[in-house]
>>> print(open('query-v5.csv').read())   # CSV, C-alpha atoms
chain,number,residue,atom,x,y,z
B,1,LEU,CA,208.0,78.1,301.1
B,2,ASP,CA,210.2,79.3,303.9
B,3,LEU,CA,210.3,76.7,306.7
B,4,ASP,CA,211.5,79.3,309.2
B,5,ASP,CA,208.5,81.7,308.9
B,6,ALA,CA,206.0,79.7,306.8
B,7,SER,CA,205.9,82.4,304.2
B,8,ILE,CA,205.4,81.7,300.5
B,9,LYS,CA,208.4,83.1,298.5
B,10,GLN,CA,208.6,84.0,294.9
B,11,THR,CA,205.0,83.8,293.8
B,12,PHE,CA,205.1,84.1,290.0
B,13,GLY,CA,202.6,83.4,287.2
B,14,SER,CA,199.8,85.8,288.0
B,15,ASP,CA,199.1,89.4,289.0
B,16,ASP,CA,196.2,88.1,291.1
B,17,PRO,CA,197.6,87.4,294.6
B,18,SER,CA,194.3,85.7,295.7
B,19,ILE,CA,195.3,82.6,293.7
B,20,PHE,CA,198.4,81.9,295.8
B,21,PRO,CA,198.3,80.2,299.2
B,22,LYS,CA,198.6,82.6,302.1
B,23,ASN,CA,201.2,80.5,304.0
B,24,GLY,CA,203.1,77.2,303.8
B,25,LYS,CA,200.4,75.1,305.5
B,26,ASP,CA,197.9,76.3,302.9
B,27,ALA,CA,200.4,75.5,300.1
B,28,PHE,CA,200.5,71.8,301.3
B,29,SER,CA,196.7,71.5,301.5
B,30,GLN,CA,195.7,73.6,298.5
B,31,TRP,CA,198.5,72.9,296.0
B,32,LYS,CA,199.6,69.4,297.0
B,33,PRO,CA,203.0,69.9,295.4
B,34,HIS,CA,204.6,67.0,293.5
B,35,LEU,CA,208.1,67.9,294.7
B,36,ILE,CA,209.3,69.0,298.1
B,37,TYR,CA,212.8,70.2,297.7
B,38,VAL,CA,214.7,70.9,301.0
B,39,GLU,CA,217.9,72.8,300.5
B,40,GLY,CA,221.2,72.4,302.4
B,41,GLY,CA,222.7,74.8,304.9
B,42,ASN,CA,223.0,74.3,308.6
B,43,THR,CA,221.3,71.0,309.5
B,44,PHE,CA,220.6,72.1,313.1
B,45,TRP,CA,218.9,75.3,312.0
B,46,LEU,CA,216.9,73.4,309.4
B,47,HIS,CA,215.8,70.8,312.0
B,48,HIS,CA,214.9,73.7,314.4
B,49,CYS,CA,212.7,75.4,311.7
B,50,VAL,CA,210.9,72.1,310.9
B,51,GLU,CA,210.2,71.6,314.6
B,52,LYS,CA,209.2,75.3,315.2
B,53,GLY,CA,206.8,75.3,312.3
B,54,ASP,CA,205.5,71.7,313.0
B,55,TRP,CA,206.4,70.8,309.4
B,56,ALA,CA,207.4,67.1,310.0
B,57,ALA,CA,203.9,65.7,309.8
B,58,ASP,CA,203.1,67.7,306.7
B,59,ILE,CA,206.2,66.7,304.8
B,60,LYS,CA,205.9,63.0,305.9
B,61,GLU,CA,202.3,62.8,304.9
B,62,ALA,CA,202.9,64.4,301.6
B,63,CYS,CA,205.8,62.0,300.8
B,64,THR,CA,205.1,58.8,302.7
B,65,GLY,CA,201.5,58.9,303.8
B,66,THR,CA,198.8,56.6,302.4
B,67,ASP,CA,197.8,59.2,299.9
B,68,ALA,CA,201.3,60.4,299.2
B,69,TYR,CA,201.5,62.9,296.4
B,70,ALA,CA,205.0,64.4,296.6
B,71,PHE,CA,208.6,63.4,295.9
B,72,TYR,CA,211.1,64.5,298.6
B,73,CYS,CA,214.5,65.9,297.4
B,74,GLY,CA,216.9,66.8,300.1
B,75,LYS,CA,220.3,68.4,299.4
B,76,SER,CA,223.0,68.1,302.0
B,77,ALA,CA,221.2,69.2,305.3
B,78,GLY,CA,217.9,68.4,303.5
B,79,ALA,CA,219.2,64.8,302.9
B,80,ILE,CA,220.3,64.4,306.5
B,81,LEU,CA,216.9,65.5,307.7
B,82,ALA,CA,215.2,62.7,305.7
B,83,GLY,CA,217.1,60.1,307.8
B,84,ALA,CA,216.1,58.5,311.1
B,85,SER,CA,218.1,61.0,313.0
B,86,VAL,CA,220.2,64.1,312.3
B,87,GLU,CA,223.2,62.7,314.2
B,88,THR,CA,225.3,62.4,311.1
B,89,ALA,CA,225.4,66.2,311.0
B,90,THR,CA,227.6,66.1,314.2
B,91,TRP,CA,230.3,63.9,312.7
B,92,LYS,CA,232.2,66.3,310.4
B,93,GLY,CA,231.9,69.4,312.5
B,94,TRP,CA,230.8,71.5,309.5
B,95,ASP,CA,227.5,72.8,311.0
B,96,ASP,CA,227.4,75.0,314.0
B,97,PRO,CA,224.9,73.7,316.6
B,98,SER,CA,225.0,76.9,318.6
B,99,VAL,CA,222.6,78.6,316.2
B,100,VAL,CA,219.7,76.8,318.0
B,101,PRO,CA,219.0,78.0,321.6
B,102,GLY,CA,219.1,75.2,324.1
B,103,LYS,CA,221.0,72.8,321.8
B,104,GLU,CA,224.4,74.5,321.4
B,105,SER,CA,226.6,71.4,321.4
B,106,TYR,CA,227.0,68.4,319.2
B,107,GLN,CA,226.1,66.2,322.2
B,108,ASP,CA,222.7,67.9,322.3
B,109,TRP,CA,221.9,66.5,318.8
B,110,THR,CA,223.0,62.8,319.0
B,111,ALA,CA,219.4,61.6,319.7
B,112,SER,CA,217.5,64.2,317.6
B,113,PRO,CA,215.1,62.5,315.2
B,114,GLY,CA,215.0,63.2,311.5
B,115,LEU,CA,211.9,62.7,309.3
B,116,ASN,CA,212.6,58.9,309.2
B,117,MET,CA,211.5,58.6,305.6
B,118,VAL,CA,214.2,56.0,304.6
B,119,GLY,CA,213.1,53.0,306.6
B,120,GLY,CA,215.1,53.8,309.7
B,121,ALA,CA,218.3,54.5,307.8
B,122,ASN,CA,220.5,57.6,308.3
B,123,LEU,CA,222.1,59.7,305.5
B,124,PHE,CA,225.6,61.0,305.3
B,125,PRO,CA,226.1,63.4,302.4
B,126,HIS,CA,229.3,64.7,300.9
B,127,MET,CA,231.0,61.3,301.3
B,128,SER,CA,234.6,61.0,300.0
B,129,SER,CA,237.6,58.9,300.9
B,130,ASP,CA,238.5,61.6,303.4
B,131,TRP,CA,235.7,60.3,305.6
B,132,ASP,CA,236.4,56.5,305.4
B,133,ASP,CA,237.9,56.1,308.9
B,134,LEU,CA,235.2,58.3,310.4
B,135,ILE,CA,232.5,56.2,308.8
B,136,GLN,CA,234.0,52.9,309.9
B,137,ASP,CA,234.1,54.2,313.5
B,138,LYS,CA,230.5,55.7,313.4
B,139,LYS,CA,228.9,52.8,311.5
B,140,SER,CA,229.5,50.4,314.5
B,141,SER,CA,227.4,52.7,316.8
B,142,LEU,CA,224.6,52.9,314.3
B,143,SER,CA,224.7,49.1,313.7
B,144,SER,CA,224.2,48.5,317.4
B,145,SER,CA,221.0,50.5,317.2
B,146,GLY,CA,219.8,48.6,314.2
B,147,SER,CA,220.1,51.6,311.8
B,148,GLU,CA,221.6,51.5,308.4
B,149,LEU,CA,223.8,54.2,306.9
B,150,PHE,CA,223.7,55.5,303.4
B,151,CYS,CA,226.8,57.5,302.4
B,152,LEU,CA,226.1,59.8,299.5
B,153,GLN,CA,228.9,61.1,297.3
B,154,GLU,CA,228.4,64.4,295.5
B,155,TRP,CA,226.9,62.6,292.4
B,156,ASP,CA,224.7,60.2,294.3
B,157,ALA,CA,220.9,60.4,294.9
B,158,CYS,CA,219.0,58.4,297.4
B,159,CYS,CA,215.6,57.5,295.9
B,160,VAL,CA,212.9,56.5,298.4
B,161,ASN,CA,209.8,54.6,297.8
B,162,GLY,CA,207.7,56.8,300.2
B,163,GLN,CA,205.0,54.4,301.1
B,164,GLY,CA,207.3,51.4,301.5
B,165,LYS,CA,210.1,53.6,303.1
B,166,THR,CA,212.7,51.7,301.1
B,167,ALA,CA,215.7,53.4,299.5
B,168,ARG,CA,218.0,52.8,296.6
B,169,ILE,CA,221.2,54.7,295.9
B,170,ILE,CA,221.6,55.9,292.3
B,171,SER,CA,225.1,56.8,291.4
B,172,ASN,CA,226.5,58.4,288.3
B,173,PRO,CA,230.1,59.4,288.9
B,174,PRO,CA,231.6,62.0,286.7
B,175,ASN,CA,233.7,60.9,283.8
B,176,ILE,CA,237.1,62.2,284.7
B,177,GLU,CA,239.9,61.8,282.1
B,178,ASN,CA,243.5,61.7,283.1
B,179,ASN,CA,245.7,64.2,281.1
>>> encode(input="query-v5.csv", output="structure tokens")
Amino acid sequence: LDLDDASIKQTFGSDDPSIFPKNGKDAFSQWKPHLIYVEGGNTFWLHHCVEKGDWAADIKEACTGTDAYAFYCGKSAGAILAGASVETATWKGWDDPSVVPGKESYQDWTASPGLNMVGGANLFPHMSSDWDDLIQDKKSSLSSSGSELFCLQEWDACCVNGQGKTARIISNPPNIENN
């Protein structure tokens, strides 16, 4: 499913095209997927595509609604999107906000809501010691708004109880041997 144009990509398993949903909205309603995987990339463009296609309600209902049927897996930008806001994407300067018309600066994104699937918390992927000072500085502004921050290292996963909107970080650091 392409969140930008709502098309269904890579339909395999049958030569009969009539068994596949015609678009992304149909995929949610007809297939009720067990996993919704949202890839990384430019967080701002991803957020724009979710807004443009009105995907937020579909994703949230599938993952956190009263009859939730799907597990949400967000990688990098997809993880940020699951948080209360996408502000954490502005902190490192890795993503270019100018790809979204009308929201070309980082300031334009400081109050942009995410999917808020983690009980009001925000997510910061690709955490390493390089970002410790930045996180200490930014955490205070989030704390004043009552929002928690989950910093995810490359080997971490944030597991969310969708209906309860509670989260737990699962970590399995790589086994690195010194030579």
>>> closest_residue(input="query-v5.csv", among="B:Gly83, B:Gly114, B:Gly53, B:Pro125", to="Leu1 of chain B", atoms="only C-alpha atoms")
B:Gly53
>>> residues_near_point(input="query-v5.csv", point="(213.2, 75.8, 306.3)", cutoff="6 Å", atoms="all atoms listed in the file", output="PyMOL selection string")
chain B and resi 2-4+46+49
>>> residues_around(input="query-v5.csv", residues="Leu149 of chain B", least_positions_apart="2", cutoff="10 Å", atoms="only C-alpha atoms", output="CSV table (one decimal) with C-alpha atoms, keeping the file's coordinate frame")
chain,number,residue,atom,x,y,z
B,83,GLY,CA,217.1,60.1,307.8
B,84,ALA,CA,216.1,58.5,311.1
B,88,THR,CA,225.3,62.4,311.1
B,120,GLY,CA,215.1,53.8,309.7
B,121,ALA,CA,218.3,54.5,307.8
B,122,ASN,CA,220.5,57.6,308.3
B,123,LEU,CA,222.1,59.7,305.5
B,124,PHE,CA,225.6,61.0,305.3
B,135,ILE,CA,232.5,56.2,308.8
B,138,LYS,CA,230.5,55.7,313.4
B,139,LYS,CA,228.9,52.8,311.5
B,142,LEU,CA,224.6,52.9,314.3
B,143,SER,CA,224.7,49.1,313.7
B,147,SER,CA,220.1,51.6,311.8
B,151,CYS,CA,226.8,57.5,302.4
B,152,LEU,CA,226.1,59.8,299.5
>>> closest_atom_pairs(input="query-v5.csv", of="segment 65-132 of chain B", to="segment 32-35 of chain B", cutoff="8 Å", atoms="all atoms listed in the file", output="JSON lines")
{"residue": "B:Tyr69", "atom": "CA", "partner": "B:His34", "partner_atom": "CA", "distance": 5.9}
{"residue": "B:Ala70", "atom": "CA", "partner": "B:His34", "partner_atom": "CA", "distance": 4.1}
{"residue": "B:Phe71", "atom": "CA", "partner": "B:Leu35", "partner_atom": "CA", "distance": 4.7}
{"residue": "B:Tyr72", "atom": "CA", "partner": "B:Leu35", "partner_atom": "CA", "distance": 6.0}
{"residue": "B:Cys73", "atom": "CA", "partner": "B:Leu35", "partner_atom": "CA", "distance": 7.2}
>>> closest_residue(input="query-v5.csv", among="B:Ser76, B:Ser112, B:Thr64, B:Ser140", to="Thr166 of chain B", atoms="only C-alpha atoms")
B:Thr64
>>> closest_residue(input="query-v5.csv", among="B:Gly41, B:Gly162, B:Gly24, B:Gly13", to="Val99 of chain B", atoms="all atoms listed in the file")
B:Gly41
